[in-house]
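See structure below.
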Amino acid sequence: MATILEVCEVRKNYHMGKVVVPALRGVSFDVEKGEFLAIFGPSGGGKSTLLHLMGCLDRPDKGKILIDGSNILKLSDDKLAELRLTKMGFVFQFFNLLPRLTSLRNVELPLTIAGLPEKETSKRANEMLKLVGLEGRMDHRPFELSGGEQQRVAMARALINDPKIVLADEPTGNLDTKTGWEIVELMKKLNKEKGQTFVVVTHDPHIAEAADRIIHLKDGLIEEIKKAPRRNKQ
């Protein structure tokens, strides 16, 4: 299986006045194309920082990150923005939907930004919302949707550009257990059917065990990389 993302000796510090706070202290791993990978660990361990670096939302202080063989440190800000728009999809804990827009309009946004015609954006957004089971909620605004439905809209938006990599930062963290499992099962279904690579950050060990592999991150270092045990929904 081909490697789609490489993280090589990545280090990242944050500066709080004169105090240097290390977030990542030399992290290395590969992600295979079509893999469902979980990055698991306690809060403050560097998980979200790592996800932001992989998503080209920030740059590491040292080391390198390769996406499809391209070293993101050598790309301009414009090229990074293009890479995020064309190859990456993002799902966040708090959904990040625009409150005044309908589900359909929220999902259309990446295509609109990419400059596609309105007719095509509407058609593809319709298809994506049907794929995540929201064909009856297209004209509803976020406040009219449950948390799970909002996260499904966010997933449809993340997938609308047919990205090669979907990055999810605590995607079940704002949901109850049952709804969280439904979102995980949906991600697994899309991963299997569409062949897209998923990297999911979570502090929940049960969510992590739904992945193909688990990277255990603590205090900015990888403690362990292992295959996830087979686990049934509870």
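The way I read the labels, and the way they are meant: chains A, B, ... in the order of the structure tokens, residue 1 as the first residue of every chain, and ligand 1 as the first ligand shown, with later ones counted on from there.
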What's the 10 Å shell around Leu190 of chain A, counting only C-alpha atoms, without same-chain residues fewer than 4 positions away, as a PyMOL selection string? chain A and resi 131-132+155+159+184-186+194-198
Taking 4 positions as the minimum chain separation for residues in the same chain, which residues sit within 8 Å of segment 215-230 of chain A when counting only C-alpha atoms? Answer as a ChimeraX atom specification. /A:22-27,37-42,44-47,208-211
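Nearest residue to Phe94 of chain A, choosing from A:Arg152, A:Lys164, A:His206, A:His140 and counting only C-alpha atoms: A:Arg152.
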Please provide the set of residues having any atom within 12 Å of Leu145 of chain A, restricted to only C-alpha atoms, with same-chain residues fewer than 6 positions apart removed, written as a PyMOL selection string. chain A and resi 95+97+99+102-103+134+136-139+151-154
Could you list, as an mmCIF file with N, CA and C atoms, in the first residue's frame, every residue within 7 Å of segment 28-32 of chain A, counting only C-alpha atoms and ignoring same-chain residues fewer than 6 positions away?
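The resulting file, out.cif, is reproduced below:
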data_model
loop_
_atom_site.group_PDB
_atom_site.id
_atom_site.type_symbol
_atom_site.label_atom_id
_atom_site.label_comp_id
_atom_site.auth_asym_id
_atom_site.auth_seq_id
_atom_site.Cartn_x
_atom_site.Cartn_y
_atom_site.Cartn_z
ATOM 1 N N MET A 1 0.845 -1.198 0.000
ATOM 2 C CA MET A 1 0.000 0.000 0.000
ATOM 3 C C MET A 1 0.879 1.246 0.000
ATOM 4 N N ALA A 2 0.516 2.257 -0.767
ATOM 5 C CA ALA A 2 1.338 3.452 -0.915
ATOM 6 C C ALA A 2 1.216 4.379 0.299
ATOM 7 N N THR A 3 2.283 5.068 0.597
ATOM 8 C CA THR A 3 2.288 6.051 1.669
ATOM 9 C C THR A 3 1.756 7.379 1.138
ATOM 10 N N ILE A 4 0.804 7.978 1.851
ATOM 11 C CA ILE A 4 0.235 9.246 1.409
ATOM 12 C C ILE A 4 0.712 10.424 2.253
ATOM 13 N N LEU A 5 1.124 10.118 3.503
ATOM 14 C CA LEU A 5 1.564 11.194 4.393
ATOM 15 C C LEU A 5 2.733 10.692 5.239
ATOM 16 N N GLU A 6 3.778 11.500 5.302
ATOM 17 C CA GLU A 6 4.958 11.156 6.093
ATOM 18 C C GLU A 6 5.263 12.276 7.071
ATOM 19 N N VAL A 7 5.433 11.912 8.324
ATOM 20 C CA VAL A 7 5.818 12.854 9.374
ATOM 21 C C VAL A 7 7.209 12.447 9.852
ATOM 22 N N CYS A 8 8.182 13.331 9.701
ATOM 23 C CA CYS A 8 9.587 12.966 9.948
ATOM 24 C C CYS A 8 10.216 13.890 10.999
ATOM 25 N N GLU A 9 10.451 13.356 12.180
ATOM 26 C CA GLU A 9 11.140 14.066 13.268
ATOM 27 C C GLU A 9 10.595 15.477 13.490
ATOM 28 N N VAL A 10 9.294 15.575 13.564
ATOM 29 C CA VAL A 10 8.639 16.878 13.682
ATOM 30 C C VAL A 10 8.691 17.387 15.125
#
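For the set A:Pro110, A:Pro60, A:Gly89, A:Gly147, the residue with the smallest atom-to-atom gap to Glu182 of chain A is A:Gly147, counting only C-alpha atoms.
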Ranking A:Pro205, A:Pro171, A:Gly34, A:Gly63 by minimum distance to Lys12 of chain A and counting only C-alpha atoms, which one comes first?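 Among the listed residues, the smallest separation from Lys12 of chain A belongs to A:Gly63.
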Please, what distance in Å, to one decimal, runs between atom CA of Arg105 of chain A and atom CA of Lys79 of chain A?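 Going from atom CA of Arg105 of chain A over to atom CA of Lys79 of chain A covers 25.7 Å.
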